[in-house]
file run.cif (mmCIF, C-alpha atoms)
data_input
loop_
_atom_site.label_atom_id
_atom_site.label_comp_id
_atom_site.auth_asym_id
_atom_site.auth_seq_id
_atom_site.Cartn_x
_atom_site.Cartn_y
_atom_site.Cartn_z
CA MET B 1 105.45 80.36 116.30
CA GLU B 2 107.26 83.20 114.56
CA ARG B 3 110.04 84.56 116.75
CA LEU B 4 109.64 88.18 117.83
CA LEU B 5 112.54 90.37 116.76
CA SER B 6 114.42 93.14 118.51
CA CYS B 7 113.71 96.66 117.26
CA HIS B 8 117.45 97.11 116.61
CA GLY B 9 118.74 96.06 113.20
CA LEU B 10 115.47 94.67 111.90
CA ARG B 11 115.23 93.66 108.28
CA LEU B 12 111.90 93.86 106.48
CA LEU B 13 111.32 90.84 104.28
CA GLN B 14 114.98 89.90 104.54
CA ALA B 15 114.58 86.72 102.57
CA HIS B 16 110.99 86.46 101.40
CA LEU B 17 107.47 86.68 102.69
CA GLN B 18 106.29 83.62 104.49
CA LYS B 19 102.65 82.67 104.44
CA GLY B 20 101.03 82.77 107.81
CA LEU B 21 99.25 84.76 110.45
CA HIS B 22 100.96 86.46 113.35
CA LEU B 23 98.77 85.52 116.27
CA GLY B 24 97.90 88.16 118.81
CA ALA B 25 98.93 91.12 116.67
CA SER B 26 95.65 92.94 117.22
CA LEU B 27 94.97 91.94 120.80
CA GLY B 28 96.45 95.06 122.37
CA LEU B 29 99.14 93.05 124.11
CA ARG B 30 101.93 94.81 125.98
CA ILE B 31 105.08 92.89 125.34
CA PRO B 32 108.00 93.90 127.58
CA GLY B 33 111.46 94.33 126.15
CA CYS B 34 111.05 93.89 122.42
CA SER B 35 108.00 95.55 120.96
CA GLY B 36 107.33 97.60 117.88
CA ALA B 37 105.44 100.79 117.26
CA CYS B 38 102.34 101.28 119.45
CA ARG B 39 103.35 98.12 121.35
CA ARG B 40 102.71 95.99 118.28
CA PRO B 41 104.66 92.76 118.11
CA LEU B 42 107.63 92.81 115.78
CA THR B 43 107.29 90.11 113.17
CA ARG B 44 108.53 88.93 109.81
CA THR B 45 105.20 87.49 108.73
CA PHE B 46 102.32 89.72 107.76
CA VAL B 47 100.00 87.83 105.45
CA LEU B 48 96.98 88.73 107.52
CA SER B 49 93.24 88.81 106.96
CA GLY B 50 92.82 90.55 103.63
CA GLU B 51 91.07 93.90 103.75
CA HIS B 52 91.22 93.95 107.54
CA SER B 53 95.02 94.12 107.61
CA GLY B 54 97.08 97.02 108.81
CA CYS B 55 100.84 97.04 108.52
CA LEU B 56 102.09 99.55 111.05
CA ALA B 57 105.67 100.76 110.83
CA GLY B 58 107.35 99.28 107.88
CA SER B 59 110.21 101.74 108.28
CA VAL B 60 113.13 103.10 106.29
CA PRO B 61 115.59 104.61 108.74
CA ARG B 62 118.15 106.18 106.43
CA LEU B 63 119.07 106.82 102.84
CA PHE B 64 121.75 109.40 102.10
CA LYS B 65 120.77 112.91 103.14
CA SER B 66 121.80 112.77 106.77
CA ARG B 67 123.16 110.27 109.21
CA LEU B 68 120.94 111.85 111.84
CA ARG B 69 117.74 110.49 110.27
CA ARG B 70 118.79 106.88 110.72
CA PHE B 71 117.52 106.93 114.30
CA GLY B 72 114.12 108.48 113.51
CA PRO B 73 112.05 105.28 113.28
CA ARG B 74 113.73 103.81 116.35
CA ARG B 75 112.91 106.87 118.46
CA ILE B 76 109.34 107.00 117.17
CA ARG B 77 108.92 103.37 118.21
CA GLU B 78 110.26 104.17 121.68
CA GLU B 79 107.91 107.13 122.18
CA SER B 80 104.94 105.17 120.83
CA LEU B 81 105.05 103.04 123.98
CA LEU B 82 103.16 105.90 125.64
CA LEU B 83 100.18 105.35 123.35
CA ARG B 84 97.12 103.21 124.03
CA THR B 85 94.75 101.22 121.84
CA VAL B 86 91.65 103.42 121.47
CA ASN B 87 91.05 107.01 120.42
CA PRO B 88 88.42 108.54 122.71
CA SER B 89 88.40 111.81 120.74
CA THR B 90 87.20 110.16 117.53
CA GLY B 91 85.86 106.86 118.87
CA ALA B 92 88.22 104.91 116.61
CA LEU B 93 89.12 101.35 117.62
CA PRO B 94 91.98 100.49 115.26
CA PHE B 95 93.37 97.52 117.17
CA HIS B 96 89.91 96.03 117.59
CA SER B 97 89.23 96.44 113.87
CA LEU B 98 92.46 95.53 112.08
CA MET B 99 95.26 93.04 112.40
CA VAL B 100 98.22 95.33 113.10
CA ALA B 101 101.91 94.47 113.37
CA ASP B 102 105.26 96.23 113.16
CA ILE B 103 107.18 94.48 110.38
CA GLY B 104 110.45 96.24 110.97
CA ASP B 105 112.89 98.08 108.72
CA VAL B 106 113.38 97.89 104.98
CA SER B 107 116.86 96.70 104.11
CA VAL B 108 118.50 99.37 101.92
CA ASN B 109 121.82 99.76 100.15
CA LEU B 110 123.54 102.62 101.94
CA TYR B 111 125.99 103.09 99.07
CA ASN B 112 123.53 103.19 96.18
CA LEU B 113 120.42 105.35 96.24
CA LEU B 114 118.90 103.88 93.09
CA ASP B 115 119.35 100.38 94.43
CA SER B 116 117.84 101.44 97.75
CA CYS B 117 114.77 102.71 95.92
CA ARG B 118 114.54 99.37 94.10
CA LEU B 119 114.68 97.49 97.39
CA ILE B 120 112.01 99.71 98.91
CA ARG B 121 109.77 99.35 95.86
CA GLU B 122 110.08 95.56 95.87
CA ALA B 123 109.35 95.37 99.60
CA TYR B 124 106.20 97.47 99.25
CA GLN B 125 105.06 95.51 96.23
CA LYS B 126 104.94 92.48 98.50
CA ILE B 127 103.16 94.46 101.21
CA ALA B 128 100.54 95.62 98.70
CA ALA B 129 100.16 92.10 97.32
CA ALA B 130 99.37 90.90 100.85
CA SER B 131 96.50 93.45 101.04
CA CYS B 132 98.19 95.29 103.87
CA ILE B 133 98.00 99.07 104.25
CA PRO B 134 101.50 100.35 105.11
CA LEU B 135 102.17 103.12 107.60
CA THR B 136 105.83 103.98 107.19
CA LEU B 137 108.23 105.64 109.62
CA GLY B 138 111.04 107.73 108.15
CA GLY B 139 113.56 108.69 107.47
CA ASP B 140 114.32 110.65 104.32
CA HIS B 141 111.35 111.85 102.23
CA THR B 142 112.86 110.21 99.15
CA ILE B 143 111.28 106.96 100.35
CA THR B 144 107.80 108.09 99.33
CA TYR B 145 108.75 107.79 95.64
CA PRO B 146 109.43 104.02 95.56
CA ILE B 147 106.52 103.41 97.94
CA LEU B 148 104.18 105.17 95.53
CA GLN B 149 105.68 103.21 92.64
CA ALA B 150 104.61 100.03 94.39
CA LEU B 151 101.15 101.23 95.43
CA ALA B 152 100.34 102.76 92.05
CA GLU B 153 101.15 99.42 90.45
CA LYS B 154 98.25 97.95 92.41
CA HIS B 155 95.82 100.88 92.66
CA GLY B 156 96.65 102.99 89.62
CA PRO B 157 97.42 106.72 90.00
CA VAL B 158 96.58 107.75 93.56
CA GLY B 159 95.47 110.97 95.17
CA LEU B 160 97.94 112.54 97.56
CA LEU B 161 97.56 114.52 100.76
CA HIS B 162 101.03 115.97 101.28
CA VAL B 163 101.62 117.87 104.51
CA ASP B 164 105.01 119.57 104.45
CA ALA B 165 106.89 122.85 104.62
CA HIS B 166 108.28 122.14 101.13
CA THR B 167 106.69 121.00 97.88
CA ASP B 168 109.43 118.42 97.12
CA THR B 169 108.89 118.88 93.40
CA ALA B 170 112.31 120.23 92.43
CA ASP B 171 113.72 118.72 89.26
CA LYS B 172 117.32 118.42 90.49
CA ALA B 173 119.50 119.11 93.49
CA LEU B 174 123.23 119.53 92.83
CA GLY B 175 122.62 117.85 89.49
CA GLU B 176 120.91 114.81 91.00
CA LYS B 177 117.36 113.96 89.99
CA LEU B 178 116.63 111.72 92.97
CA CYS B 179 116.77 113.14 96.49
CA HIS B 180 114.51 114.40 99.25
CA ARG B 181 113.67 117.53 97.24
CA THR B 182 112.45 115.68 94.14
CA PRO B 183 110.23 112.66 94.99
CA PHE B 184 106.94 114.09 93.79
CA ARG B 185 108.48 115.44 90.57
CA ARG B 186 109.53 111.88 89.75
CA CYS B 187 106.06 110.63 90.71
CA ILE B 188 104.44 113.10 88.33
CA GLU B 189 106.75 112.08 85.49
CA GLU B 190 105.90 108.40 85.97
CA GLY B 191 102.16 108.96 86.22
CA LEU B 192 101.93 107.71 89.79
CA LEU B 193 99.71 110.57 90.97
CA ASP B 194 96.19 111.61 90.07
CA CYS B 195 97.27 115.24 89.88
CA LYS B 196 93.74 116.64 90.14
CA ARG B 197 93.55 114.97 93.56
CA VAL B 198 96.80 116.25 95.07
CA VAL B 199 96.67 118.69 97.97
CA GLN B 200 99.77 120.13 99.65
CA ILE B 201 99.29 121.82 103.04
CA GLY B 202 101.68 123.86 105.18
CA ILE B 203 104.01 125.04 102.38
CA ARG B 204 106.25 127.95 103.34
CA GLY B 205 109.78 129.31 103.54
CA PRO B 206 112.27 131.26 101.42
CA SER B 207 112.74 130.37 97.78
CA THR B 208 114.89 131.14 94.75
CA SER B 209 112.01 132.63 92.75
CA MET B 210 108.92 134.77 93.31
CA ASN B 211 106.56 132.08 92.04
CA PRO B 212 107.93 128.82 93.44
CA TYR B 213 104.57 127.00 93.29
CA LYS B 214 103.80 127.56 89.60
CA TYR B 215 104.93 124.08 88.52
CA ASN B 216 102.75 122.40 91.14
CA ARG B 217 99.67 124.42 90.28
CA ASP B 218 100.24 123.88 86.57
CA GLN B 219 99.99 120.13 87.25
CA GLY B 220 96.63 120.63 88.96
CA PHE B 221 97.86 120.50 92.57
CA ARG B 222 96.10 122.51 95.24
CA VAL B 223 98.82 124.27 97.25
CA VAL B 224 97.73 125.57 100.66
CA LEU B 225 100.36 127.89 102.11
CA ALA B 226 101.09 127.92 105.82
CA GLU B 227 100.06 131.56 106.14
CA ASP B 228 96.62 130.59 104.84
CA CYS B 229 96.37 128.26 107.85
CA TRP B 230 97.49 130.66 110.56
CA LEU B 231 95.16 131.18 113.54
CA LYS B 232 92.30 129.12 112.16
CA SER B 233 90.77 125.70 112.29
CA LEU B 234 91.49 123.48 109.28
CA VAL B 235 88.23 121.53 109.60
CA PRO B 236 86.58 123.51 106.77
CA LEU B 237 89.63 122.97 104.55
CA MET B 238 89.51 119.23 105.13
CA GLY B 239 85.85 119.18 104.18
CA GLU B 240 86.89 120.55 100.80
CA VAL B 241 89.73 118.03 100.58
CA ARG B 242 87.36 115.11 101.20
CA GLN B 243 85.13 116.28 98.37
CA GLN B 244 88.14 116.63 96.07
CA MET B 245 89.50 113.17 96.90
CA GLY B 246 86.20 111.32 96.52
CA ASP B 247 86.24 107.56 96.99
CA LYS B 248 89.35 106.80 94.94
CA PRO B 249 92.65 105.67 96.53
CA ILE B 250 94.61 108.30 98.43
CA TYR B 251 98.06 108.29 100.03
CA ILE B 252 99.01 110.48 103.02
CA SER B 253 102.59 111.74 103.24
CA PHE B 254 103.36 113.82 106.33
CA ASP B 255 106.74 115.53 106.71
CA ILE B 256 107.27 116.48 110.34
CA ASP B 257 108.73 119.84 109.27
CA ALA B 258 105.19 120.89 108.30
CA LEU B 259 104.88 121.65 111.99
CA ASP B 260 106.40 124.74 113.51
CA PRO B 261 109.86 123.98 114.97
CA ALA B 262 108.57 125.19 118.34
CA TYR B 263 106.68 121.87 118.42
CA ALA B 264 108.92 119.68 116.24
CA PRO B 265 112.53 120.87 116.27
CA GLY B 266 113.84 117.38 115.55
CA THR B 267 114.10 117.66 111.79
CA GLY B 268 116.81 118.60 109.33
CA THR B 269 115.06 121.36 107.35
CA PRO B 270 112.92 123.37 109.80
CA GLU B 271 110.92 126.39 108.66
CA ILE B 272 109.42 128.94 111.03
CA ALA B 273 105.71 129.79 111.29
CA GLY B 274 104.40 126.33 110.61
CA LEU B 275 101.36 124.32 111.57
CA THR B 276 100.39 123.48 115.13
CA PRO B 277 99.84 119.97 116.52
CA SER B 278 96.11 120.64 116.81
CA GLN B 279 96.00 121.57 113.11
CA ALA B 280 97.89 118.38 112.29
CA LEU B 281 95.21 116.41 114.13
CA GLU B 282 92.49 118.22 112.20
CA ILE B 283 94.18 117.35 108.91
CA ILE B 284 94.57 113.65 109.69
CA ARG B 285 91.18 113.23 111.36
CA GLY B 286 89.69 115.00 108.34
CA CYS B 287 90.75 111.99 106.25
CA GLN B 288 88.28 109.68 107.98
CA GLY B 289 86.07 108.05 105.38
CA LEU B 290 88.61 108.38 102.58
CA ASN B 291 90.05 105.39 100.74
CA VAL B 292 93.50 105.59 102.33
CA VAL B 293 95.87 103.00 100.84
CA GLY B 294 99.04 104.03 102.67
CA CYS B 295 100.67 106.67 104.84
CA ASP B 296 104.10 107.84 105.90
CA LEU B 297 105.56 110.13 108.54
CA VAL B 298 109.05 111.23 107.54
CA GLU B 299 112.05 113.46 108.28
CA VAL B 300 112.23 112.85 112.04
CA SER B 301 115.80 113.52 113.17
CA PRO B 302 115.88 112.91 116.93
CA MET B 303 119.39 114.20 117.56
CA TYR B 304 118.08 117.72 116.94
CA ASP B 305 115.57 117.22 119.77
CA PRO B 306 117.01 115.45 122.83
CA SER B 307 113.69 115.91 124.64
CA GLY B 308 112.04 113.34 122.38
CA ASN B 309 109.02 115.58 121.83
CA THR B 310 109.33 115.48 118.03
CA ALA B 311 109.29 111.68 118.02
CA LEU B 312 106.41 111.64 120.50
CA LEU B 313 104.44 113.95 118.23
CA ALA B 314 105.29 111.74 115.23
CA ALA B 315 104.12 108.63 117.07
CA ASN B 316 100.81 110.25 117.91
CA LEU B 317 100.28 111.40 114.32
CA LEU B 318 100.95 107.86 113.08
CA PHE B 319 98.40 106.56 115.56
CA GLU B 320 95.89 109.09 114.22
CA MET B 321 96.64 107.86 110.68
CA LEU B 322 95.96 104.31 111.80
CA CYS B 323 92.63 105.48 113.20
CA VAL B 324 91.40 106.81 109.82
CA LEU B 325 92.20 103.72 107.77
CA PRO B 326 89.29 102.04 106.00
CA LYS B 327 87.49 99.34 108.02
CA VAL B 328 88.40 100.93 111.37
CA LYS B 329 85.34 100.74 113.57
CA THR B 330 84.18 103.50 115.92
CA ALA B 331 82.60 103.15 119.31
#
call {"tool": "encode", "arguments": {"input": "run.cif", "output": "structure tokens"}}
result
Amino acid sequence: MERLLSCHGLRLLQAHLQKGLHLGASLGLRIPGCSGACRRPLTRTFVLSGEHSGCLAGSVPRLFKSRLRRFGPRRIREESLLLRTVNPSTGALPFHSLMVADIGDVSVNLYNLLDSCRLIREAYQKIAAASCIPLTLGGDHTITYPILQALAEKHGPVGLLHVDAHTDTADKALGEKLCHRTPFRRCIEEGLLDCKRVVQIGIRGPSTSMNPYKYNRDQGFRVVLAEDCWLKSLVPLMGEVRQQMGDKPIYISFDIDALDPAYAPGTGTPEIAGLTPSQALEIIRGCQGLNVVGCDLVEVSPMYDPSGNTALLAANLLFEMLCVLPKVKTA
């Protein structure tokens, strides 16, 4: 039987994917000592049961922006031990519906960002080929770019629900075209996104121009500013989003700094007056019924939040993402 791995120093697909089924991955087992996100077993094998596969927590702990993000996935895994297997609020039964396992960390090249993106892309190509839906813990938001490269190769241009304080569509930062401020600009240029099905929610903060969202809207994006979300339920907004997305593939990318730093201080680029946790739940739960082909939760930097509340919030949001995946049954 495949040996379970420690959550420290894991390597995703370190050599190659092995054919096989990790037994017990969806049985809701509580494994003491070494367990992955949401108490899922840590494993190197994940060729599961086709469309009923969920790949929880393929994670990318660090690229280049900050050393402090390298511990984000680890802390999210630790806080996820407080979670359980069913969602009474929505009736979702993800672990009764899908084969779910934590497949550990992507091995990246800490000295070469382009090579790291190649390694991430190749890892997620194999995940997609195995018909798994990846839920990724991060880490720097740059990782979404190579993930979308891999998923678009299988699904074609995808819709995007991007929850963030920032649009991440800058062309360059300090002369560099690839960083946490630019991933969706690169995705647009490569045709990875179905731009008429891109919605960005929670955008806010100071800028260098009076019309910082013109580029996004010119591409066809819907940009929902944070102030348009203040003091209201986002259930009506998500009804509009579901109509816009239709039944085509959609990817969810959630930057933890979309939330107000009162709730999620553990991030490197906080912006005041953000979303609330209840609004975050409304956004994710509003994706139920959509053709979700992947998700990520990024930019958790636990050293800015010794309480662990940011990582706990991230773990819960990832669980909610798992609950809205296709094929998840409800009670």
call {"tool": "closest_residue", "arguments": {"input": "run.cif", "among": "B:Cys117, B:Leu313, B:Leu193, B:Leu237", "to": "Leu297 (chain B)", "atoms": "only C-alpha atoms"}}
result
B:Leu313
call {"tool": "axis_aligned_box", "arguments": {"input": "run.cif", "around": "region 171-184 of chain B", "padding_each_side": "5 Å", "output": "lines of an AutoDock Vina configuration file"}}
result
center_x = 115.1
center_y = 115.6
center_z = 94.3
size_x = 26.3
size_y = 17.8
size_z = 20.0
call {"tool": "closest_residue", "arguments": {"input": "run.cif", "among": "B:Asp168, B:Glu190, B:Asp255, B:Asp260", "to": "Asn216 (chain B)", "atoms": "only C-alpha atoms"}}
result
B:Asp168
call {"tool": "atom_distance", "arguments": {"input": "run.cif", "atom1": "CA of Leu234 (chain B)", "atom2": "CA of Ile201 (chain B)"}}
result
10.1 Å
call {"tool": "closest_atom_pairs", "arguments": {"input": "run.cif", "of": "region 218-248 of chain B", "to": "region 278-293 of chain B", "cutoff": "12 Å", "atoms": "all atoms listed in the file", "output": "CSV"}}
result
residue,atom,partner,partner_atom,distance
B:Ala226,CA,B:Gln279,CA,10.9
B:Cys229,CA,B:Gln279,CA,8.5
B:Trp230,CA,B:Gln279,CA,9.6
B:Leu231,CA,B:Gln279,CA,9.7
B:Lys232,CA,B:Gln279,CA,8.5
B:Ser233,CA,B:Gln279,CA,6.7
B:Leu234,CA,B:Glu282,CA,6.1
B:Val235,CA,B:Glu282,CA,6.0
B:Pro236,CA,B:Gly286,CA,9.2
B:Leu237,CA,B:Ile283,CA,8.4
B:Met238,CA,B:Gly286,CA,5.3
B:Gly239,CA,B:Gly286,CA,7.0
B:Glu240,CA,B:Gly286,CA,9.8
B:Val241,CA,B:Gly286,CA,8.3
B:Arg242,CA,B:Cys287,CA,6.8
B:Gln243,CA,B:Leu290,CA,9.6
B:Gln244,CA,B:Leu290,CA,10.5
B:Met245,CA,B:Leu290,CA,7.5
B:Gly246,CA,B:Leu290,CA,7.2
B:Asp247,CA,B:Asn291,CA,5.8
B:Lys248,CA,B:Asn291,CA,6.0
call {"tool": "atom_distance", "arguments": {"input": "run.cif", "atom1": "CA of Val86 (chain B)", "atom2": "CA of Lys327 (chain B)"}}
result
14.7 Å
call {"tool": "resolve_selection", "arguments": {"input": "run.cif", "expression": "the PyMOL selection byres ((chain B and resi 113) around 12)", "output": "list in words"}}
result
Arg62, Leu63, Phe64, Lys65, Val108, Asn109, Leu110, Tyr111, Asn112, Leu114, Asp115, Ser116, Cys117, Arg118, Leu119, Ile120, Asp140, Thr142, Ile143, Tyr145, Pro146, Glu176, Lys177, Leu178, Cys179 and His180 of chain B
call {"tool": "resolve_selection", "arguments": {"input": "run.cif", "expression": "the PyMOL selection byres ((chain B and resi 308) around 10)", "output": "list of chain:residue names"}}
result
B:Arg75, B:Ile76, B:Glu78, B:Glu79, B:Ala264, B:Pro265, B:Gly266, B:Ser301, B:Pro302, B:Met303, B:Tyr304, B:Asp305, B:Pro306, B:Ser307, B:Asn309, B:Thr310, B:Ala311, B:Leu312, B:Leu313, B:Ala314
call {"tool": "residues_around", "arguments": {"input": "run.cif", "residues": "Asp296 (chain B)", "least_positions_apart": "5", "cutoff": "9 Å", "atoms": "all atoms listed in the file", "output": "number ranges by chain"}}
result
B: 57, 59, 134-138, 144, 251-255, 318, 321
call {"tool": "atom_distance", "arguments": {"input": "run.cif", "atom1": "CA of Phe95 (chain B)", "atom2": "CA of Arg74 (chain B)"}}
result
21.3 Å
call {"tool": "residues_around", "arguments": {"input": "run.cif", "residues": "Gly220 (chain B)", "least_positions_apart": "3", "cutoff": "7 Å", "atoms": "all atoms listed in the file", "output": "PyMOL selection string"}}
result
chain B and resi 195-196+216-217
call {"tool": "closest_residue", "arguments": {"input": "run.cif", "among": "B:Val223, B:Cys132, B:Leu161, B:Val198", "to": "Pro326 (chain B)", "atoms": "only C-alpha atoms"}}
result
B:Cys132
call {"tool": "build_atoms", "arguments": {"input": "run.cif", "residues": "region 152-174 of chain B", "atoms": "N, CA, C and O atoms", "output": "compact mmCIF listing (two decimals), in the frame of the given file"}}
result
# COMPACT_ATOMS: atom_id res chain seq x y z
N ALA B 152 101.00 102.42 93.30
CA ALA B 152 100.34 102.76 92.05
C ALA B 152 100.26 101.56 91.12
O ALA B 152 99.35 101.46 90.28
N GLU B 153 101.18 100.64 91.25
CA GLU B 153 101.15 99.42 90.45
C GLU B 153 99.89 98.61 90.77
O GLU B 153 99.33 97.95 89.89
N LYS B 154 99.45 98.69 92.01
CA LYS B 154 98.25 97.95 92.41
C LYS B 154 96.98 98.78 92.22
O LYS B 154 95.96 98.27 91.73
N HIS B 155 97.04 100.07 92.61
CA HIS B 155 95.82 100.88 92.66
C HIS B 155 95.65 101.83 91.48
O HIS B 155 94.60 102.45 91.35
N GLY B 156 96.68 101.96 90.63
CA GLY B 156 96.65 102.99 89.62
C GLY B 156 97.07 104.32 90.23
O GLY B 156 97.43 104.40 91.42
N PRO B 157 97.03 105.41 89.45
CA PRO B 157 97.42 106.72 90.00
C PRO B 157 96.58 107.06 91.23
O PRO B 157 95.36 106.92 91.23
N VAL B 158 97.26 107.49 92.29
CA VAL B 158 96.58 107.75 93.56
C VAL B 158 96.51 109.24 93.84
O VAL B 158 97.32 110.03 93.35
N GLY B 159 95.51 109.62 94.62
CA GLY B 159 95.47 110.97 95.17
C GLY B 159 96.52 111.08 96.26
O GLY B 159 96.99 110.08 96.81
N LEU B 160 96.89 112.32 96.58
CA LEU B 160 97.94 112.54 97.56
C LEU B 160 97.57 113.70 98.46
O LEU B 160 97.26 114.80 97.99
N LEU B 161 97.60 113.45 99.77
CA LEU B 161 97.56 114.52 100.76
C LEU B 161 98.97 114.66 101.30
O LEU B 161 99.46 113.78 102.01
N HIS B 162 99.62 115.75 100.96
CA HIS B 162 101.03 115.97 101.28
C HIS B 162 101.12 117.14 102.25
O HIS B 162 100.83 118.28 101.89
N VAL B 163 101.51 116.85 103.48
CA VAL B 163 101.62 117.87 104.51
C VAL B 163 103.11 118.11 104.75
O VAL B 163 103.84 117.20 105.15
N ASP B 164 103.57 119.34 104.52
CA ASP B 164 105.01 119.57 104.45
C ASP B 164 105.26 121.07 104.45
O ASP B 164 104.38 121.87 104.08
N ALA B 165 106.47 121.47 104.81
CA ALA B 165 106.89 122.85 104.62
C ALA B 165 107.36 123.10 103.20
O ALA B 165 107.43 124.25 102.76
N HIS B 166 107.69 122.03 102.47
CA HIS B 166 108.28 122.14 101.13
C HIS B 166 107.48 121.31 100.14
O HIS B 166 106.92 120.27 100.51
N THR B 167 107.48 121.72 98.88
CA THR B 167 106.69 121.00 97.88
C THR B 167 107.36 119.71 97.42
O THR B 167 106.68 118.81 96.93
N ASP B 168 108.68 119.61 97.53
CA ASP B 168 109.43 118.42 97.12
C ASP B 168 109.17 118.05 95.66
O ASP B 168 109.08 116.87 95.30
N THR B 169 109.08 119.10 94.83
CA THR B 169 108.89 118.88 93.40
C THR B 169 110.01 119.52 92.58
O THR B 169 109.83 119.83 91.40
N ALA B 170 111.16 119.74 93.20
CA ALA B 170 112.31 120.23 92.43
C ALA B 170 112.69 119.20 91.38
O ALA B 170 112.45 117.99 91.55
N ASP B 171 113.29 119.66 90.30
CA ASP B 171 113.72 118.72 89.26
C ASP B 171 115.06 118.10 89.61
O ASP B 171 115.27 116.89 89.44
N LYS B 172 115.99 118.91 90.13
CA LYS B 172 117.32 118.42 90.49
C LYS B 172 117.82 119.13 91.73
O LYS B 172 117.38 120.21 92.07
N ALA B 173 118.76 118.50 92.40
CA ALA B 173 119.50 119.11 93.49
C ALA B 173 120.97 118.74 93.31
O ALA B 173 121.30 117.55 93.30
N LEU B 174 121.81 119.75 93.10
CA LEU B 174 123.23 119.53 92.83
C LEU B 174 123.42 118.56 91.66
O LEU B 174 124.31 117.72 91.66
